[in-house]
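Here is the file entry_17.txt (compact mmCIF, C-alpha atoms and all ligand atoms).
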# COMPACT_ATOMS: atom_id res chain seq x y z
CA MET Y 15 46.22 9.62 21.62
CA LYS Y 16 46.07 5.94 22.35
CA ASN Y 17 44.76 4.62 25.58
CA LEU Y 18 45.22 0.88 25.50
CA VAL Y 19 43.10 -1.18 27.80
CA ARG Y 20 43.39 -4.91 27.70
CA ILE Y 21 41.67 -8.01 28.94
CA LEU Y 22 43.90 -10.69 30.35
CA VAL Y 23 43.45 -14.36 30.91
CA GLY Y 24 43.22 -14.91 34.62
CA GLY Y 25 44.87 -17.54 36.70
CA ALA Y 26 43.33 -18.62 39.96
CA VAL Y 27 42.17 -15.11 40.72
CA LEU Y 28 38.51 -15.76 40.10
CA SER Y 29 37.87 -18.73 42.33
CA GLY Y 30 34.40 -19.14 43.70
CA SER Y 31 35.43 -18.26 47.23
CA ALA Y 32 37.21 -15.12 46.05
CA LEU Y 33 34.02 -14.01 44.34
CA MET Y 34 32.05 -14.35 47.52
CA LEU Y 35 34.38 -11.99 49.36
CA VAL Y 36 33.24 -9.10 47.19
CA PRO Y 37 29.94 -7.53 48.27
CA GLN Y 38 27.51 -7.60 45.36
CA ASP Y 39 26.70 -3.91 45.64
CA ALA Y 40 30.32 -2.79 45.75
CA GLN Y 41 31.05 0.01 43.29
CA GLY Y 42 34.01 -1.16 41.35
CA TYR Y 43 33.78 0.43 37.92
CA SER Y 44 36.23 3.03 36.68
CA LEU Y 45 36.01 5.58 33.89
CA ILE Y 46 38.52 6.37 31.16
CA GLY Y 47 37.12 9.87 30.77
CA GLY Y 48 34.93 11.05 27.93
CA SER Y 49 32.01 9.55 26.06
CA LEU Y 50 30.94 8.50 22.59
CA GLY Y 51 28.70 10.93 20.74
CA ILE Y 52 25.62 9.79 18.84
CA ALA Y 53 27.60 9.67 15.58
CA GLN Y 54 30.09 7.23 17.13
CA ARG Y 55 27.64 4.53 18.18
CA ASP Y 56 28.30 2.34 15.13
CA HIS Y 57 30.46 -0.77 15.25
CA ARG Y 58 31.59 -3.18 12.55
CA LEU Y 59 33.79 -6.25 12.16
CA TYR Y 60 36.60 -6.95 9.74
CA ASN Y 61 36.02 -10.68 9.90
CA THR Y 62 39.35 -12.36 9.17
CA PHE Y 63 39.39 -14.70 12.16
CA THR Y 64 41.35 -17.85 11.37
CA ALA Y 65 40.34 -19.98 14.38
CA SER Y 66 38.18 -22.89 13.28
CA GLY Y 67 35.52 -22.08 15.85
CA ALA Y 68 35.26 -18.36 15.18
CA ASN Y 69 32.80 -18.64 12.30
CA ASN Y 70 31.29 -22.11 12.55
CA ASN Y 71 27.85 -21.03 13.68
CA THR Y 72 25.78 -20.82 10.51
CA THR Y 73 22.36 -20.41 12.14
CA GLU Y 74 20.74 -17.00 12.25
CA ASP Y 75 18.89 -15.97 15.37
CA PRO Y 76 15.36 -14.67 14.72
CA ASN Y 77 15.99 -11.82 17.16
CA LEU Y 78 19.19 -10.83 15.34
CA PRO Y 79 18.56 -11.57 11.67
CA GLY Y 80 21.01 -11.44 8.80
CA TYR Y 81 24.30 -12.34 10.49
CA VAL Y 82 26.01 -15.51 11.71
CA GLY Y 83 29.44 -16.54 13.00
CA ALA Y 84 31.72 -13.92 14.53
CA ASP Y 85 29.47 -11.16 13.18
CA LEU Y 86 26.53 -12.37 15.25
CA ALA Y 87 28.69 -12.87 18.36
CA ILE Y 88 30.02 -9.31 18.22
CA TRP Y 89 26.63 -7.83 17.38
CA LYS Y 90 25.21 -9.46 20.50
CA ALA Y 91 28.14 -8.19 22.58
CA GLY Y 92 27.16 -4.64 21.67
CA ALA Y 93 23.43 -5.26 22.07
CA GLU Y 94 23.99 -6.29 25.69
CA TRP Y 95 25.11 -2.73 26.55
CA GLY Y 96 21.88 -1.33 25.08
CA ALA Y 97 19.49 0.77 27.11
CA ARG Y 98 16.57 -1.63 26.68
CA PRO Y 99 16.13 -5.24 25.54
CA PHE Y 100 17.16 -5.74 21.93
CA GLY Y 101 13.90 -6.82 20.27
CA ASP Y 102 12.29 -9.20 22.74
CA GLY Y 103 15.57 -9.64 24.60
CA SER Y 104 16.05 -13.19 23.40
CA GLY Y 105 18.89 -14.29 21.18
CA ASP Y 106 21.53 -15.41 23.62
CA PRO Y 107 21.07 -18.81 25.24
CA THR Y 108 23.46 -18.02 28.10
CA GLN Y 109 21.56 -15.05 29.50
CA ALA Y 110 17.96 -14.19 30.22
CA ASN Y 111 17.98 -10.85 28.45
CA LEU Y 112 20.05 -9.08 25.85
CA GLY Y 113 20.12 -5.34 26.58
CA ASP Y 114 20.87 -4.59 30.23
CA GLY Y 115 22.64 -1.23 30.09
CA GLY Y 116 19.79 0.92 31.37
CA ALA Y 117 21.70 4.06 30.36
CA ASN Y 118 21.25 6.61 27.58
CA PHE Y 119 23.42 4.54 25.32
CA ASN Y 120 22.93 2.11 22.44
CA PHE Y 121 25.47 0.63 20.08
CA PHE Y 122 24.51 0.49 16.38
CA TRP Y 123 25.69 -2.72 14.69
CA ASN Y 124 26.49 -2.06 11.04
CA GLY Y 125 27.86 -5.37 9.81
CA GLU Y 126 31.17 -5.98 8.15
CA ALA Y 127 34.03 -3.69 7.19
CA SER Y 128 36.73 -4.57 4.68
CA GLY Y 129 39.73 -3.38 6.64
CA ILE Y 130 40.91 -2.74 10.17
CA GLY Y 131 40.34 1.01 9.78
CA GLY Y 132 42.02 3.74 11.76
CA THR Y 133 42.07 4.02 15.51
CA ASN Y 134 38.75 5.86 15.54
CA ASP Y 135 36.77 3.96 12.89
CA ASN Y 136 34.94 1.72 15.37
CA ILE Y 137 35.98 -1.55 13.77
CA HIS Y 138 36.74 -4.87 15.49
CA SER Y 139 39.41 -7.02 13.85
CA PRO Y 140 41.89 -9.78 14.60
CA ILE Y 141 45.59 -9.00 14.80
CA SER Y 142 48.19 -11.63 14.05
CA GLY Y 143 50.22 -13.29 16.74
CA SER Y 144 49.99 -13.04 20.49
CA SER Y 145 51.05 -10.95 23.43
CA GLY Y 146 51.50 -13.14 26.46
CA GLY Y 147 48.18 -13.59 28.20
CA VAL Y 148 46.48 -10.68 26.47
CA LEU Y 149 43.37 -11.68 24.56
CA ALA Y 150 42.39 -8.40 23.00
CA TYR Y 151 42.78 -4.68 23.43
CA THR Y 152 40.93 -1.49 22.71
CA GLU Y 153 42.45 1.71 21.38
CA THR Y 154 40.29 4.44 22.78
CA PRO Y 155 40.60 7.97 21.54
CA ILE Y 156 37.07 7.89 23.10
CA SER Y 157 35.00 10.79 21.76
CA ASP Y 158 36.34 10.30 18.22
CA GLY Y 159 35.79 6.56 18.26
CA TRP Y 160 37.92 3.50 18.88
CA ARG Y 161 39.43 0.32 17.44
CA ILE Y 162 39.45 -3.18 18.93
CA ARG Y 163 41.96 -5.91 18.09
CA TYR Y 164 41.77 -9.61 18.99
CA TYR Y 165 44.96 -11.68 19.02
CA GLN Y 166 44.63 -14.27 16.29
CA SER Y 167 46.56 -16.90 18.29
CA TRP Y 168 43.63 -17.70 20.60
CA SER Y 169 41.05 -20.35 19.83
CA TRP Y 170 38.16 -17.94 19.34
CA GLN Y 171 34.66 -19.42 19.57
CA ASP Y 172 31.54 -17.78 18.17
CA GLY Y 173 29.04 -19.74 20.30
CA PRO Y 174 26.19 -18.98 20.14
CA GLY Y 175 25.58 -21.33 23.10
CA ASN Y 176 27.87 -21.86 26.04
CA VAL Y 177 31.54 -22.17 25.09
CA PHE Y 178 33.40 -24.88 26.99
CA SER Y 179 36.83 -24.67 25.39
CA GLY Y 180 38.81 -21.95 23.70
CA ILE Y 181 37.89 -18.30 24.25
CA ASP Y 182 34.40 -16.88 23.90
CA LEU Y 183 34.50 -14.09 21.35
CA GLN Y 184 31.21 -12.58 22.49
CA GLY Y 185 32.27 -12.32 26.13
CA VAL Y 186 35.60 -10.71 25.28
CA ALA Y 187 33.95 -8.37 22.77
CA CYS Y 188 31.45 -7.32 25.44
CA HIS Y 189 34.38 -6.41 27.71
CA GLU Y 190 36.26 -4.51 25.00
CA LEU Y 191 33.12 -2.62 23.98
CA GLY Y 192 32.87 -1.51 27.59
CA HIS Y 193 36.25 0.18 27.09
CA ALA Y 194 35.08 1.62 23.78
CA LEU Y 195 32.16 3.34 25.48
CA GLY Y 196 34.39 4.80 28.16
CA LEU Y 197 34.81 2.29 30.99
CA GLY Y 198 38.07 1.24 32.56
CA HIS Y 199 38.40 -1.91 34.63
CA SER Y 200 36.18 -2.85 37.53
CA SER Y 201 37.33 -4.25 40.84
CA VAL Y 202 34.12 -6.24 41.24
CA GLY Y 203 34.67 -9.95 40.63
CA GLY Y 204 32.20 -11.27 38.09
CA ALA Y 205 31.75 -7.92 36.37
CA THR Y 206 32.28 -7.93 32.62
CA MET Y 207 34.82 -5.13 33.12
CA TYR Y 208 36.89 -7.15 35.62
CA PRO Y 209 40.34 -7.24 34.03
CA THR Y 210 40.75 -11.00 33.86
CA ILE Y 211 38.62 -13.98 33.00
CA SER Y 212 38.69 -17.54 34.16
CA GLY Y 213 37.37 -20.26 31.92
CA THR Y 214 36.27 -19.32 28.43
CA GLY Y 215 34.80 -15.89 29.14
CA THR Y 216 31.19 -16.81 28.40
CA ALA Y 217 30.18 -15.28 31.73
CA GLN Y 218 31.38 -11.88 30.51
CA ARG Y 219 28.59 -11.82 27.88
CA SER Y 220 26.08 -10.64 30.45
CA ILE Y 221 26.98 -7.35 32.07
CA ALA Y 222 26.74 -7.04 35.84
CA THR Y 223 25.02 -4.33 37.85
CA ASP Y 224 28.39 -2.67 38.39
CA ASP Y 225 28.98 -2.55 34.62
CA ALA Y 226 25.57 -1.00 34.03
CA ASN Y 227 26.21 1.51 36.80
CA GLY Y 228 29.44 2.52 35.10
CA CYS Y 229 27.61 3.01 31.81
CA LYS Y 230 25.01 5.13 33.61
CA ALA Y 231 27.76 7.21 35.21
CA ILE Y 232 28.94 8.19 31.73
CA TYR Y 233 25.67 8.53 29.81
CA GLY Y 234 23.08 9.02 32.52
CA SER Y 235 20.29 6.68 33.57
CA LEU Y 236 17.75 5.89 30.88
CA ASN Y 237 15.71 9.00 30.06
CA SER Y 238 12.07 8.20 29.35
CA ALA Y 239 12.31 10.56 26.38
CA MET Y 240 14.48 8.03 24.55
CA PRO Y 241 12.54 6.80 21.49
CA GLN Y 242 11.39 3.22 22.01
CA ILE Y 243 10.57 0.55 19.43
CA ASP Y 244 8.00 -2.03 20.54
CA SER Y 245 7.08 -3.67 17.25
CA LEU Y 246 7.03 -3.26 13.50
CA THR Y 247 4.00 -3.72 11.30
CA GLY Y 248 3.50 -3.54 7.58
CA SER Y 249 5.53 -4.84 4.69
CA LEU Y 250 9.27 -5.11 5.25
CA VAL Y 251 10.15 -5.39 1.57
CA PRO Y 252 11.63 -2.81 -0.82
CA GLY Y 253 8.96 -0.22 -1.51
CA GLY Y 254 6.85 -1.47 1.38
CA THR Y 255 5.23 0.71 4.00
CA VAL Y 256 6.45 0.04 7.52
CA THR Y 257 4.98 1.32 10.75
CA ILE Y 258 7.09 1.43 13.89
CA ASN Y 259 4.99 1.09 17.03
CA GLY Y 260 6.50 2.47 20.20
CA SER Y 261 6.87 5.79 21.96
CA GLY Y 262 8.81 9.03 21.99
CA PHE Y 263 8.33 9.79 18.29
CA SER Y 264 8.41 13.57 17.90
CA SER Y 265 7.77 15.70 14.81
CA ASN Y 266 11.29 15.31 13.43
CA MET Y 267 12.53 11.74 13.45
CA LYS Y 268 14.98 9.59 11.55
CA VAL Y 269 15.14 5.87 11.04
CA TRP Y 270 18.54 4.18 11.01
CA LEU Y 271 18.97 0.90 9.14
CA ASP Y 272 22.04 -1.27 8.66
CA SER Y 273 23.89 -0.32 5.49
CA ASP Y 274 26.77 -2.77 5.85
CA ILE Y 275 28.79 -0.85 3.27
CA VAL Y 276 32.00 -2.72 2.75
CA ASP Y 277 34.45 0.03 1.94
CA SER Y 278 38.14 0.56 2.34
CA GLY Y 279 37.70 0.10 6.04
CA ALA Y 280 39.07 3.52 6.77
CA THR Y 281 35.77 5.31 6.56
CA GLY Y 282 32.11 4.43 6.59
CA GLY Y 283 30.05 2.89 9.32
CA GLN Y 284 27.28 5.35 8.62
CA PRO Y 285 23.76 3.99 8.95
CA PHE Y 286 21.28 4.19 6.11
CA LYS Y 287 19.04 7.06 7.19
CA ILE Y 288 15.43 7.79 6.35
CA GLU Y 289 14.74 11.35 7.40
CA ASN Y 290 12.00 13.91 8.03
CA LEU Y 291 9.56 11.50 9.61
CA VAL Y 292 6.73 12.75 11.81
CA GLY Y 293 5.46 10.81 14.80
CA GLN Y 294 1.74 10.05 14.80
CA ASN Y 295 -0.90 8.99 17.31
CA GLY Y 296 0.63 10.87 20.19
CA GLY Y 297 4.15 9.91 19.23
CA THR Y 298 3.43 6.18 19.32
CA GLN Y 299 3.74 5.45 15.61
CA LEU Y 300 6.18 6.27 12.85
CA THR Y 301 5.46 5.26 9.27
CA PHE Y 302 7.91 5.22 6.40
CA THR Y 303 8.40 3.76 2.93
CA LEU Y 304 11.27 1.32 2.63
CA PRO Y 305 13.63 2.37 -0.18
CA GLN Y 306 14.58 -0.16 -2.84
CA THR Y 307 18.29 -0.27 -2.00
CA GLY Y 308 20.95 0.97 0.38
CA TRP Y 309 19.92 -0.98 3.48
CA VAL Y 310 20.18 -4.60 4.56
CA THR Y 311 18.58 -6.95 7.03
CA GLY Y 312 19.82 -6.39 10.56
CA SER Y 313 18.56 -3.83 13.01
CA ILE Y 314 16.51 -0.65 13.07
CA HIS Y 315 16.96 2.30 15.42
CA VAL Y 316 15.00 5.53 15.69
CA LYS Y 317 16.76 8.88 16.17
CA ASP Y 318 15.16 12.07 17.44
CA ALA Y 319 16.57 14.53 14.91
CA THR Y 320 15.92 17.60 17.01
CA HIS Y 321 18.23 16.41 19.76
CA ASN Y 322 21.81 15.24 19.91
CA SER Y 323 21.71 14.18 23.54
CA HIS Y 324 22.82 10.70 24.50
CA TRP Y 325 19.18 9.59 24.79
CA ALA Y 326 18.24 10.68 21.26
CA LEU Y 327 19.02 7.29 19.67
CA SER Y 328 16.70 4.39 20.48
CA GLU Y 329 17.63 0.84 21.31
CA GLY Y 330 17.96 -1.56 18.40
CA HIS Y 331 15.17 -3.77 17.12
CA PRO Y 332 15.38 -6.65 14.64
CA PHE Y 333 14.71 -5.66 11.05
CA ASP Y 334 14.27 -8.71 8.88
CA ALA Y 335 13.94 -7.56 5.29
CA GLY Y 336 11.43 -9.58 3.35
CA GLY Y 337 9.80 -10.63 6.56
CA GLY Y 338 8.54 -9.08 9.73
CA GLY Y 339 9.83 -7.33 12.75
CA GLY Y 340 11.81 -10.08 14.33
CA GLY Y 341 11.17 -13.74 14.82
CA ASN Y 342 7.92 -14.76 13.25
CA THR Y 343 6.12 -11.58 14.26
CA ASP Y 344 4.11 -9.53 11.81
CA THR Y 345 5.27 -11.62 8.89
CA ILE Y 346 1.74 -12.07 7.54
CA SER Y 347 0.01 -9.29 5.62
CA LEU Y 348 -3.61 -8.44 6.40
CA THR Y 349 -5.81 -5.90 4.73
CA ALA Y 350 -9.52 -5.34 4.13
CA SER Y 351 -11.78 -3.99 1.39
CA SER Y 352 -12.92 -1.21 3.74
CA PHE Y 353 -11.80 0.11 7.10
CA ASN Y 354 -15.08 1.94 7.70
CA PRO Y 355 -17.73 -0.51 6.46
CA PRO Y 356 -21.38 0.38 7.18
CA VAL Y 357 -23.62 -2.08 9.01
CA GLY Y 358 -25.11 -4.57 6.55
CA SER Y 359 -22.37 -4.15 3.96
CA THR Y 360 -19.96 -6.88 2.95
CA ILE Y 361 -16.33 -6.62 4.01
CA THR Y 362 -13.60 -8.78 2.46
CA PHE Y 363 -10.38 -9.67 4.24
CA PHE Y 364 -7.18 -10.49 2.38
CA ILE Y 365 -4.39 -12.52 4.00
CA GLY Y 366 -0.99 -12.94 2.35
CA GLN Y 367 2.58 -14.06 3.06
CA GLY Y 368 1.41 -16.65 5.58
CA PRO Y 369 2.81 -20.17 6.04
CA VAL Y 370 2.15 -22.21 2.92
CA ASN Y 371 -0.87 -24.51 3.41
CA GLY Y 372 -0.98 -23.44 7.04
CA THR Y 373 -4.04 -22.80 9.15
CA TYR Y 374 -5.23 -19.38 10.21
CA ILE Y 375 -7.62 -17.62 12.55
CA LEU Y 376 -8.55 -13.95 12.15
CA TYR Y 377 -9.12 -12.63 15.67
CA TYR Y 378 -10.78 -9.42 16.68
CA SER Y 379 -10.46 -7.49 19.92
CA PHE Y 380 -11.95 -4.24 21.17
CA THR Y 381 -8.57 -3.29 22.65
CA ASN Y 382 -5.11 -2.95 21.14
CA THR Y 383 -3.13 -3.34 24.34
CA GLY Y 384 -1.23 -6.37 23.08
CA THR Y 385 -1.54 -9.96 24.25
CA THR Y 386 0.07 -13.36 24.01
CA ILE Y 387 -1.56 -16.26 22.21
CA ASN Y 388 0.06 -19.68 22.40
CA GLY Y 389 3.27 -18.04 23.62
CA HIS Y 390 3.41 -15.64 20.69
CA PRO Y 391 3.13 -11.83 20.99
CA PHE Y 392 0.19 -10.06 19.32
CA ASP Y 393 -0.61 -6.40 18.83
CA ILE Y 394 -4.34 -6.74 19.55
CA GLY Y 395 -5.66 -7.11 23.07
CA PRO Y 396 -7.07 -10.44 24.28
CA PRO Y 397 -9.41 -11.68 21.53
CA ASP Y 398 -13.12 -11.03 21.89
CA GLY Y 399 -13.87 -13.49 19.11
CA GLN Y 400 -13.06 -14.83 15.67
CA VAL Y 401 -13.94 -13.20 12.35
CA GLY Y 402 -13.04 -16.33 10.43
CA SER Y 403 -10.68 -19.26 10.17
CA GLY Y 404 -9.50 -21.72 7.55
CA THR Y 405 -6.58 -22.93 5.52
CA LEU Y 406 -4.05 -20.88 3.61
CA ASP Y 407 -3.33 -21.85 0.02
CA ALA Y 408 -0.06 -22.91 -1.62
CA THR Y 409 1.07 -19.30 -1.70
CA GLY Y 410 0.19 -18.68 1.94
CA ALA Y 411 -2.85 -16.57 1.03
CA ALA Y 412 -6.57 -16.59 1.80
CA SER Y 413 -9.52 -14.25 1.50
CA PHE Y 414 -13.07 -14.33 2.73
CA SER Y 415 -16.07 -12.04 3.12
CA ARG Y 416 -18.41 -11.27 5.99
CA ARG Y 417 -21.53 -9.21 6.44
CA VAL Y 418 -20.95 -6.42 8.97
CA PRO Y 419 -23.35 -7.27 11.81
CA ASN Y 420 -25.86 -4.76 13.14
CA GLY Y 421 -24.29 -4.88 16.59
CA ALA Y 422 -21.03 -3.48 15.20
CA ALA Y 423 -22.52 0.00 14.69
CA GLY Y 424 -20.39 2.67 16.30
CA ARG Y 425 -17.70 0.24 17.37
CA THR Y 426 -13.99 -0.05 16.60
CA ALA Y 427 -12.37 -3.46 16.40
CA TYR Y 428 -8.71 -4.42 16.08
CA MET Y 429 -7.95 -7.47 13.95
CA GLU Y 430 -4.92 -9.68 13.54
CA VAL Y 431 -4.21 -13.04 11.94
CA TYR Y 432 -2.94 -16.03 13.92
CA ALA Y 433 -1.45 -18.80 11.77
CA GLU Y 434 0.43 -22.05 12.20
CA ASP Y 435 2.55 -24.03 9.78
CA SER Y 436 2.72 -27.84 9.65
CA LEU Y 437 5.32 -27.81 12.44
CA ALA Y 438 3.02 -25.76 14.72
CA ASN Y 439 5.22 -22.66 14.45
CA VAL Y 440 3.09 -19.61 15.18
CA PHE Y 441 2.98 -16.51 12.96
CA ASP Y 442 0.97 -13.32 13.10
CA SER Y 443 0.07 -10.39 10.89
CA ASN Y 444 0.04 -6.64 11.09
CA MET Y 445 -2.94 -5.29 13.01
CA ILE Y 446 -5.75 -3.50 11.20
CA THR Y 447 -8.36 -1.22 12.70
CA ILE Y 448 -11.98 -1.43 11.54
CA SER Y 449 -14.29 1.41 12.62
CA VAL Y 450 -17.94 0.92 11.81
CA PRO Y 451 -19.92 4.17 11.47
ZN ZN T 501 39.98 -4.60 29.70

Would you put the structure from the file into structure tokens?
Ligand SMILES: [Zn+2]
Amino acid sequence: MKNLVRILVGGAVLSGSALMLVPQDAQGYSLIGGSLGIAQRDHRLYNTFTASGANNNTTEDPNLPGYVGADLAIWKAGAEWGARPFGDGSGDPTQANLGDGGANFNFFWNGEASGIGGTNDNIHSPISGSSGGVLAYTETPISDGWRIRYYQSWSWQDGPGNVFSGIDLQGVACHELGHALGLGHSSVGGATMYPTISGTGTAQRSIATDDANGCKAIYGSLNSAMPQIDSLTGSLVPGGTVTINGSGFSSNMKVWLDSDIVDSGATGGQPFKIENLVGQNGGTQLTFTLPQTGWVTGSIHVKDATHNSHWALSEGHPFDAGGGGGGNTDTISLTASSFNPPVGSTITFFIGQGPVNGTYILYYSFTNTGTTINGHPFDIGPPDGQVGSGTLDATGAASFSRRVPNGAAGRTAYMEVYAEDSLANVFDSNMITISVP
């Protein structure tokens, strides 16, 4: 069954004065009926846009690594509906935060497809020609999935900044994805699900309170049991050991990574899954070994395998293969010759994968509550002091030794590397824990 819902180009409907006539707390959303199950959270793009502006952004965003052009625009459109901020919430210059859904719902971006797929394969794609003022439409068999088509005749723009001419792909995709997840049109002016746009549609990128309320009406308000990803530590390379720091990690968890399998377009969209993982440290950590192949840079989600409720799939978090967990965070490796060194012994610290010829400081803290240094997030608490500092070599590495002081007896310290490159970009390492007997 097809249930076509379209977005139209508006005329003078959305004038400023008209907007002010609508109370901000008016409930205007409507529901198609039904919801997407956990297995239907994926979305992909068959990227055959012909407009010159649809794929002219060639700069990756650190918070959404691995994709550019129309791919990045549509990924962000889905991330905005997420339950929590995607990564640190940055990544879109036109809105303060990416991830404003607040419901038990998260889309899973899985890259490109190689065909338009069927009406329930969850693939975005252009369609030739035009249909009056219609920009795009969504075919929504709802619980089995959906398909979104964008009329090729429009001057689609991929951003990523504000779009001043043509039509903003991200804004329109955000609207159509609202249909895909089960929303009809809203009567609230300024809502992403309002049926028409004025201007380019950039404003539709950021969902309104009414849109979020509609999403909550379908999937429920965010359940605190939803697994949450705060940061990644470890080595994000094939064969590396990665630790996810967050909450809600039970004894039977899965990790979902982008697989980006370009197939016939009719099937696929499945994430690359790493299964049978057990939460540690009170459900705040999940550690896994990164397989050699089958996954690509993009995003990581955590799934509670013992539940199939809407809340069982976490929000997305950047997963930058070969680097760290988004932006410049945790890109440096730090380890030590011993994690339980006796007083008076010598401990050696090894730093790797830092900025070439950069400078570093190894901080220690007696708390691991997280802090910000020079505007950059760290896993350790506010530093209590420095273990050492110096210059990294031409491979971005350094090592040095220290005698474990007498005063360290019986104490636990958390350590993390701060580093800067020649352009004063800040990087940090994984956190290590040193417990002195
Ligand atoms: Zn619509």

If you take every atom of range 297-315 of chain Y that the file lists and fit an axis-aligned box around them with 5 Å extra on each side, what centre and edge lengths come out in Å to one decimal, as lines of an AutoDock Vina configuration file?
center_x = 12.2
center_y = 1.5
center_z = 8.2
size_x = 27.5
size_y = 26.9
size_z = 32.2

From the set Y:Ser265, Y:Thr311, Y:Ala422, Y:Ser139, which residue has the shortest atom-to-atom contact distance to Phe286 in chain Y, counting all atoms listed in the file?
Y:Thr311

What's around range 314-329 of chain Y at 8 Å? Count all atoms listed in the file, leave out sequence neighbours fewer than 5 positions away in its own chain, and write the answer as JSON, numbers by chain.
{"Y": [51, 52, 96, 97, 98, 99, 100, 118, 119, 120, 121, 122, 233, 236, 237, 239, 240, 241, 242, 243, 263, 264, 266, 267, 268, 269, 270, 271, 272]}

In Å to one decimal, how far is CA of Gly47 in chain Y from CA of Gly234 in chain Y?
14.2 Å

For Ala231 in chain Y, list every protein, DNA or RNA residue within 12 Å, evaluated using only C-alpha atoms, and leave out those in the same chain fewer than 2 positions away; present the list as a compact mmCIF listing (two decimals) with C-alpha atoms, keeping the file's coordinate frame.
# COMPACT_ATOMS: atom_id res chain seq x y z
CA GLN Y 41 31.05 0.01 43.29
CA TYR Y 43 33.78 0.43 37.92
CA SER Y 44 36.23 3.03 36.68
CA LEU Y 45 36.01 5.58 33.89
CA ILE Y 46 38.52 6.37 31.16
CA GLY Y 47 37.12 9.87 30.77
CA GLY Y 48 34.93 11.05 27.93
CA SER Y 49 32.01 9.55 26.06
CA GLY Y 115 22.64 -1.23 30.09
CA GLY Y 116 19.79 0.92 31.37
CA ALA Y 117 21.70 4.06 30.36
CA ASN Y 118 21.25 6.61 27.58
CA PHE Y 119 23.42 4.54 25.32
CA LEU Y 195 32.16 3.34 25.48
CA GLY Y 196 34.39 4.80 28.16
CA LEU Y 197 34.81 2.29 30.99
CA ASP Y 224 28.39 -2.67 38.39
CA ASP Y 225 28.98 -2.55 34.62
CA ALA Y 226 25.57 -1.00 34.03
CA ASN Y 227 26.21 1.51 36.80
CA GLY Y 228 29.44 2.52 35.10
CA CYS Y 229 27.61 3.01 31.81
CA TYR Y 233 25.67 8.53 29.81
CA GLY Y 234 23.08 9.02 32.52
CA SER Y 235 20.29 6.68 33.57
CA LEU Y 236 17.75 5.89 30.88

Closest atom pairs, residues of chain Y within 10 Å of ligand ZN 501 (chain T), only C-alpha atoms and all ligand atoms, as a tab-separated table:
residue	atom	partner	partner_atom	distance
Y:Leu18	CA	T:ZN501	ZN	8.7
Y:Val19	CA	T:ZN501	ZN	5.0
Y:Arg20	CA	T:ZN501	ZN	4.0
Y:Ile21	CA	T:ZN501	ZN	3.9
Y:Leu22	CA	T:ZN501	ZN	7.3
Y:Val148	CA	T:ZN501	ZN	9.5
Y:Leu149	CA	T:ZN501	ZN	9.4
Y:Ala150	CA	T:ZN501	ZN	8.1
Y:Tyr151	CA	T:ZN501	ZN	6.9
Y:Thr152	CA	T:ZN501	ZN	7.7
Y:Val186	CA	T:ZN501	ZN	8.7
Y:Ala187	CA	T:ZN501	ZN	9.9
Y:Cys188	CA	T:ZN501	ZN	9.9
Y:His189	CA	T:ZN501	ZN	6.2
Y:Glu190	CA	T:ZN501	ZN	6.0
Y:Leu191	CA	T:ZN501	ZN	9.1
Y:Gly192	CA	T:ZN501	ZN	8.0
Y:His193	CA	T:ZN501	ZN	6.6
Y:Ala194	CA	T:ZN501	ZN	9.9
Y:Leu197	CA	T:ZN501	ZN	8.7
Y:Gly198	CA	T:ZN501	ZN	6.8
Y:His199	CA	T:ZN501	ZN	5.8
Y:Ser200	CA	T:ZN501	ZN	8.9
Y:Thr206	CA	T:ZN501	ZN	8.9
Y:Met207	CA	T:ZN501	ZN	6.2
Y:Tyr208	CA	T:ZN501	ZN	7.1
Y:Pro209	CA	T:ZN501	ZN	5.1
Y:Thr210	CA	T:ZN501	ZN	7.7

If we draw a sphere of 12 Å around (0.8, -18.3, 1.0), which residues have at least one atom in it when counting all atoms listed in the file? Please report them as a CSV table (one decimal) with C-alpha atoms, keeping the file's coordinate frame.
chain,number,residue,atom,x,y,z
Y,345,THR,CA,5.3,-11.6,8.9
Y,346,ILE,CA,1.7,-12.1,7.5
Y,347,SER,CA,0.0,-9.3,5.6
Y,364,PHE,CA,-7.2,-10.5,2.4
Y,365,ILE,CA,-4.4,-12.5,4.0
Y,366,GLY,CA,-1.0,-12.9,2.4
Y,367,GLN,CA,2.6,-14.1,3.1
Y,368,GLY,CA,1.4,-16.6,5.6
Y,369,PRO,CA,2.8,-20.2,6.0
Y,370,VAL,CA,2.2,-22.2,2.9
Y,371,ASN,CA,-0.9,-24.5,3.4
Y,372,GLY,CA,-1.0,-23.4,7.0
Y,373,THR,CA,-4.0,-22.8,9.2
Y,374,TYR,CA,-5.2,-19.4,10.2
Y,405,THR,CA,-6.6,-22.9,5.5
Y,406,LEU,CA,-4.0,-20.9,3.6
Y,407,ASP,CA,-3.3,-21.8,0.0
Y,408,ALA,CA,-0.1,-22.9,-1.6
Y,409,THR,CA,1.1,-19.3,-1.7
Y,410,GLY,CA,0.2,-18.7,1.9
Y,411,ALA,CA,-2.8,-16.6,1.0
Y,412,ALA,CA,-6.6,-16.6,1.8
Y,413,SER,CA,-9.5,-14.2,1.5
Y,433,ALA,CA,-1.4,-18.8,11.8
Y,434,GLU,CA,0.4,-22.0,12.2
Y,435,ASP,CA,2.6,-24.0,9.8

So which residues fall inside 8 Å of (-6.5, -3.5, 4.8) if we count only C-alpha atoms? Mind giving them as a compact mmCIF listing (two decimals) with C-alpha atoms, in the frame of the given file?
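Heads up, here's the output in selection_15.txt:
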# COMPACT_ATOMS: atom_id res chain seq x y z
CA LEU Y 348 -3.61 -8.44 6.40
CA THR Y 349 -5.81 -5.90 4.73
CA ALA Y 350 -9.52 -5.34 4.13
CA SER Y 351 -11.78 -3.99 1.39
CA SER Y 352 -12.92 -1.21 3.74
CA PHE Y 353 -11.80 0.11 7.10
CA PHE Y 363 -10.38 -9.67 4.24
CA PHE Y 364 -7.18 -10.49 2.38
CA ILE Y 446 -5.75 -3.50 11.20
